[in-house]
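Participant: Before I ask anything, let me first share the structure, which is written out below as structure tokens.
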Amino acid sequence: MDLILKKMANKINITFDCFTLRQPLIAMIISKCVEATLIAEGIEPTCEINVLVTDDAGIRIINRESRDLDKATDVLSFPMFQLEPGNPPTDWVDYQDPDTGLVPLGDMCISLERAIAQAEEFGHSTRREVGYLTIHSMLHLLGYDHLDEGPMKKQMRAREEAIAATIEGMSRE
């Protein structure tokens, strides 16, 4: 008898604290980009990610309270672990929540207001901008950073574009 083990679905908790008629579409884009990033980065365990979709006022408060920066931004990331970019652990047991069996990668906060403005500014869709911000934040949760204009930023940008290219409707065109 063959035993088939099916991986549990990742748990993506998306909360909206700003009103939008596009809520189902935004949630779908975020979920798709989270999953694509986990696949592209070779993350095998079942993970949990918390996402807050807010506006500029909401993200400004979070930015002030968490980073002592009193200004709005497009996305904030709060990784649960310090991981090595592009080199995930081979054994995730120590990272798993003992109650759920999930690996809690961390939290992200996206300003939908800022994403809409940036999409217009950059000449692409809100879908692409929200997706790009989600991929960007997921890479932060997985250890990537861009503190300077050096090689780490280039590595992160390359991964963002490569992952976006795997998702329909996410290309720059």
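Scheme for the structure tokens: letters A, B, ... for chains in order shown; per-chain residue numbers from 1; ligand numbers from 1 in order shown.
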If we count only C-alpha atoms, what is near segment 159-165 of chain A at a cut-off of 7 Å, once residues fewer than 2 positions away on the same chain are taken out, given as a list of chain:residue names?

Facilitator: A:Ala36, A:Thr37, A:Ala40, A:Tyr132, A:Ile135, A:His136, A:Gln155, A:Met156, A:Arg157, A:Ile167, A:Met170, A:Ser171

Participant: Could you give me the residues within segment 13-108 of chain A that DSSP places in strand (DSSP E or B), as a list in words?

Facilitator: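 So, restricting segment 13-108 of chain A to strand (DSSP E or B), we get Asn13, Ile14, Thr15, Phe16, Cys47, Glu48, Ile49, Asn50, Val51, Leu52, Val53, Thr54, Val75, Leu76, Ser77, Phe78, Pro79, Val103, Pro104, Leu105, Gly106, Asp107 and Met108 of chain A.
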
Participant: Would you export the selected residues with N, CA and C atoms as a PDB file, in the first residue's frame, please?

Facilitator:
ATOM      1  N   ASN A  13      -3.095  34.670   6.862  1.00  0.00           N
ATOM      2  CA  ASN A  13      -4.131  35.435   7.560  1.00  0.00           C
ATOM      3  C   ASN A  13      -4.106  36.867   7.047  1.00  0.00           C
ATOM      4  N   ILE A  14      -5.132  37.256   6.302  1.00  0.00           N
ATOM      5  CA  ILE A  14      -5.184  38.595   5.723  1.00  0.00           C
ATOM      6  C   ILE A  14      -6.289  39.381   6.403  1.00  0.00           C
ATOM      7  N   THR A  15      -5.913  40.535   6.960  1.00  0.00           N
ATOM      8  CA  THR A  15      -6.853  41.417   7.642  1.00  0.00           C
ATOM      9  C   THR A  15      -6.865  42.762   6.930  1.00  0.00           C
ATOM     10  N   PHE A  16      -8.047  43.290   6.675  1.00  0.00           N
ATOM     11  CA  PHE A  16      -8.197  44.619   6.075  1.00  0.00           C
ATOM     12  C   PHE A  16      -8.696  45.571   7.150  1.00  0.00           C
ATOM     13  N   CYS A  47       3.685  26.983   6.329  1.00  0.00           N
ATOM     14  CA  CYS A  47       3.999  28.231   7.017  1.00  0.00           C
ATOM     15  C   CYS A  47       2.740  29.019   7.359  1.00  0.00           C
ATOM     16  N   GLU A  48       2.911  29.947   8.288  1.00  0.00           N
ATOM     17  CA  GLU A  48       1.860  30.894   8.628  1.00  0.00           C
ATOM     18  C   GLU A  48       2.412  32.300   8.453  1.00  0.00           C
ATOM     19  N   ILE A  49       1.638  33.135   7.745  1.00  0.00           N
ATOM     20  CA  ILE A  49       2.020  34.517   7.487  1.00  0.00           C
ATOM     21  C   ILE A  49       0.818  35.386   7.813  1.00  0.00           C
ATOM     22  N   ASN A  50       1.036  36.480   8.532  1.00  0.00           N
ATOM     23  CA  ASN A  50      -0.031  37.429   8.843  1.00  0.00           C
ATOM     24  C   ASN A  50       0.163  38.672   8.000  1.00  0.00           C
ATOM     25  N   VAL A  51      -0.925  39.114   7.361  1.00  0.00           N
ATOM     26  CA  VAL A  51      -0.873  40.281   6.487  1.00  0.00           C
ATOM     27  C   VAL A  51      -1.948  41.268   6.921  1.00  0.00           C
ATOM     28  N   LEU A  52      -1.542  42.499   7.140  1.00  0.00           N
ATOM     29  CA  LEU A  52      -2.483  43.584   7.406  1.00  0.00           C
ATOM     30  C   LEU A  52      -2.477  44.510   6.203  1.00  0.00           C
ATOM     31  N   VAL A  53      -3.654  44.711   5.622  1.00  0.00           N
ATOM     32  CA  VAL A  53      -3.807  45.678   4.536  1.00  0.00           C
ATOM     33  C   VAL A  53      -4.453  46.906   5.161  1.00  0.00           C
ATOM     34  N   THR A  54      -3.749  48.029   5.080  1.00  0.00           N
ATOM     35  CA  THR A  54      -4.189  49.248   5.755  1.00  0.00           C
ATOM     36  C   THR A  54      -4.058  50.429   4.807  1.00  0.00           C
ATOM     37  N   VAL A  75       5.259  49.305   2.525  1.00  0.00           N
ATOM     38  CA  VAL A  75       5.175  47.974   3.130  1.00  0.00           C
ATOM     39  C   VAL A  75       6.152  47.870   4.298  1.00  0.00           C
ATOM     40  N   LEU A  76       5.732  47.168   5.316  1.00  0.00           N
ATOM     41  CA  LEU A  76       6.590  46.856   6.462  1.00  0.00           C
ATOM     42  C   LEU A  76       6.619  45.348   6.649  1.00  0.00           C
ATOM     43  N   SER A  77       7.764  44.842   7.054  1.00  0.00           N
ATOM     44  CA  SER A  77       7.934  43.401   7.263  1.00  0.00           C
ATOM     45  C   SER A  77       8.506  43.149   8.648  1.00  0.00           C
ATOM     46  N   PHE A  78       7.957  42.136   9.290  1.00  0.00           N
ATOM     47  CA  PHE A  78       8.395  41.790  10.638  1.00  0.00           C
ATOM     48  C   PHE A  78       8.684  40.289  10.693  1.00  0.00           C
ATOM     49  N   PRO A  79       9.929  39.909  10.302  1.00  0.00           N
ATOM     50  CA  PRO A  79      10.277  38.488  10.291  1.00  0.00           C
ATOM     51  C   PRO A  79      10.308  37.893  11.700  1.00  0.00           C
ATOM     52  N   VAL A 103       5.130  26.850  10.621  1.00  0.00           N
ATOM     53  CA  VAL A 103       6.293  27.712  10.791  1.00  0.00           C
ATOM     54  C   VAL A 103       5.811  29.154  10.633  1.00  0.00           C
ATOM     55  N   PRO A 104       5.766  29.917  11.726  1.00  0.00           N
ATOM     56  CA  PRO A 104       5.292  31.306  11.649  1.00  0.00           C
ATOM     57  C   PRO A 104       6.403  32.214  11.110  1.00  0.00           C
ATOM     58  N   LEU A 105       6.328  32.530   9.824  1.00  0.00           N
ATOM     59  CA  LEU A 105       7.406  33.313   9.211  1.00  0.00           C
ATOM     60  C   LEU A 105       7.419  34.764   9.659  1.00  0.00           C
ATOM     61  N   GLY A 106       6.252  35.320   9.980  1.00  0.00           N
ATOM     62  CA  GLY A 106       6.214  36.706  10.434  1.00  0.00           C
ATOM     63  C   GLY A 106       5.003  37.435   9.916  1.00  0.00           C
ATOM     64  N   ASP A 107       5.081  38.757  10.009  1.00  0.00           N
ATOM     65  CA  ASP A 107       3.958  39.628   9.665  1.00  0.00           C
ATOM     66  C   ASP A 107       4.383  40.638   8.608  1.00  0.00           C
ATOM     67  N   MET A 108       3.406  41.045   7.807  1.00  0.00           N
ATOM     68  CA  MET A 108       3.633  42.133   6.868  1.00  0.00           C
ATOM     69  C   MET A 108       2.459  43.091   6.927  1.00  0.00           C
TER      70      MET A 108
END

Participant: For Leu83 of chain A, which residue among A:Tyr144, A:Lys154, A:Glu129, A:Ile110 is the nearest when counting only C-alpha atoms?

Facilitator: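 Comparing A:Tyr144, A:Lys154, A:Glu129, A:Ile110 against Leu83 of chain A, the winner is A:Tyr144.
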
Participant: Here is a test: counting only C-alpha atoms, which residue of A:Asn63, A:Thr46, A:Thr134, A:Gln96 is nearest to Cys33 of chain A?

Facilitator: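 Ranked by minimum distance to Cys33 of chain A, first place goes to A:Thr134.
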
Participant: Identify, on the basis of only C-alpha atoms, every residue whose closest approach to Leu102 of chain A does not exceed 12 Å; exclude the query and any residue fewer than 5 positions from it along the same chain; express the result as a list in words.

Facilitator: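 Counting only the stated atoms, we get Lys7, Met8, Ala9, Asn10, Lys11, Ile12, Glu44, Pro45, Thr46, Cys47, Glu48, Ile49, Trp92, Val93, Asp94, Tyr95, Gln96 and Asp97 of chain A.
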
Participant: Selection from above, C-alpha atoms, as a compact mmCIF listing (two decimals), in the first residue's frame, can you write it?

Facilitator:
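Now in selection-v8.txt:
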# COMPACT_ATOMS: atom_id res chain seq x y z
CA LYS A 7 1.32 19.01 2.56
CA MET A 8 -1.10 21.10 4.57
CA ALA A 9 -1.94 24.43 2.95
CA ASN A 10 -0.01 27.46 4.15
CA LYS A 11 -2.01 29.65 6.50
CA ILE A 12 -2.18 33.20 5.18
CA GLU A 44 8.95 23.15 2.17
CA PRO A 45 7.27 23.32 5.59
CA THR A 46 3.73 24.59 6.00
CA CYS A 47 4.00 28.23 7.02
CA GLU A 48 1.86 30.89 8.63
CA ILE A 49 2.02 34.52 7.49
CA TRP A 92 12.51 23.34 10.18
CA VAL A 93 11.54 21.46 13.36
CA ASP A 94 13.01 24.11 15.68
CA TYR A 95 11.04 26.79 13.83
CA GLN A 96 7.63 25.10 14.10
CA ASP A 97 4.96 26.28 16.49

Participant: Which distance in Å separates atom CA of Phe122 of chain A and atom CA of Lys153 of chain A, to one decimal?

Facilitator: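 For atom CA of Phe122 of chain A relative to atom CA of Lys153 of chain A, the distance reads 19.6 Å.
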
Participant: Pick the closest to Ala119 of chain A from A:Leu133, A:Leu139, A:Ala27, A:Cys18: which is it, counting only C-alpha atoms?

Facilitator: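 Checking each candidate against Ala119 of chain A, we get A:Leu133 as the closest.
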
Participant: Would you return as a ChimeraX atom specification the members of chain A that DSSP assigns to alpha helix (DSSP H) on this structure's backbone?

Facilitator: /A:23-40,56-67,112-122,126-141,151-164

Participant: For Gln118 of chain A, find every residue with an atom within 12 Å (counting only C-alpha atoms), except residues of its own chain fewer than 4 positions away, and show them as a count of residues only.

Facilitator: 18

Participant: So what do you get for atom CA of Pro24 of chain A versus atom CA of Gly131 of chain A, distance-wise?

Facilitator: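 Value for the atom CA of Pro24 of chain A-atom CA of Gly131 of chain A distance: 13.8 Å.
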
Participant: Rounded to one decimal in Å, what is the spacing between atom CA of Glu84 of chain A and atom CA of Met152 of chain A?

Facilitator: 11.5 Å

Participant: So which one's closest to Gly143 of chain A, A:Ala72, A:Met80, A:Ile39, A:Ile59? Using only C-alpha atoms, please.

Facilitator: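 Ranking A:Ala72, A:Met80, A:Ile39, A:Ile59 by distance to Gly143 of chain A, first place goes to A:Met80.
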
Participant: Ranking A:Met138, A:Asp91, A:Asp17, A:Asp145 by minimum distance to Lys32 of chain A and counting only C-alpha atoms, which one comes first?

Facilitator: A:Met138

Participant: Pick out the closest residue to Ile43 of chain A from this set: A:Leu147, A:Ile29, A:Cys109, A:Leu141. Count only C-alpha atoms.

Facilitator: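 Smallest distance to Ile43 of chain A is found for A:Leu141.
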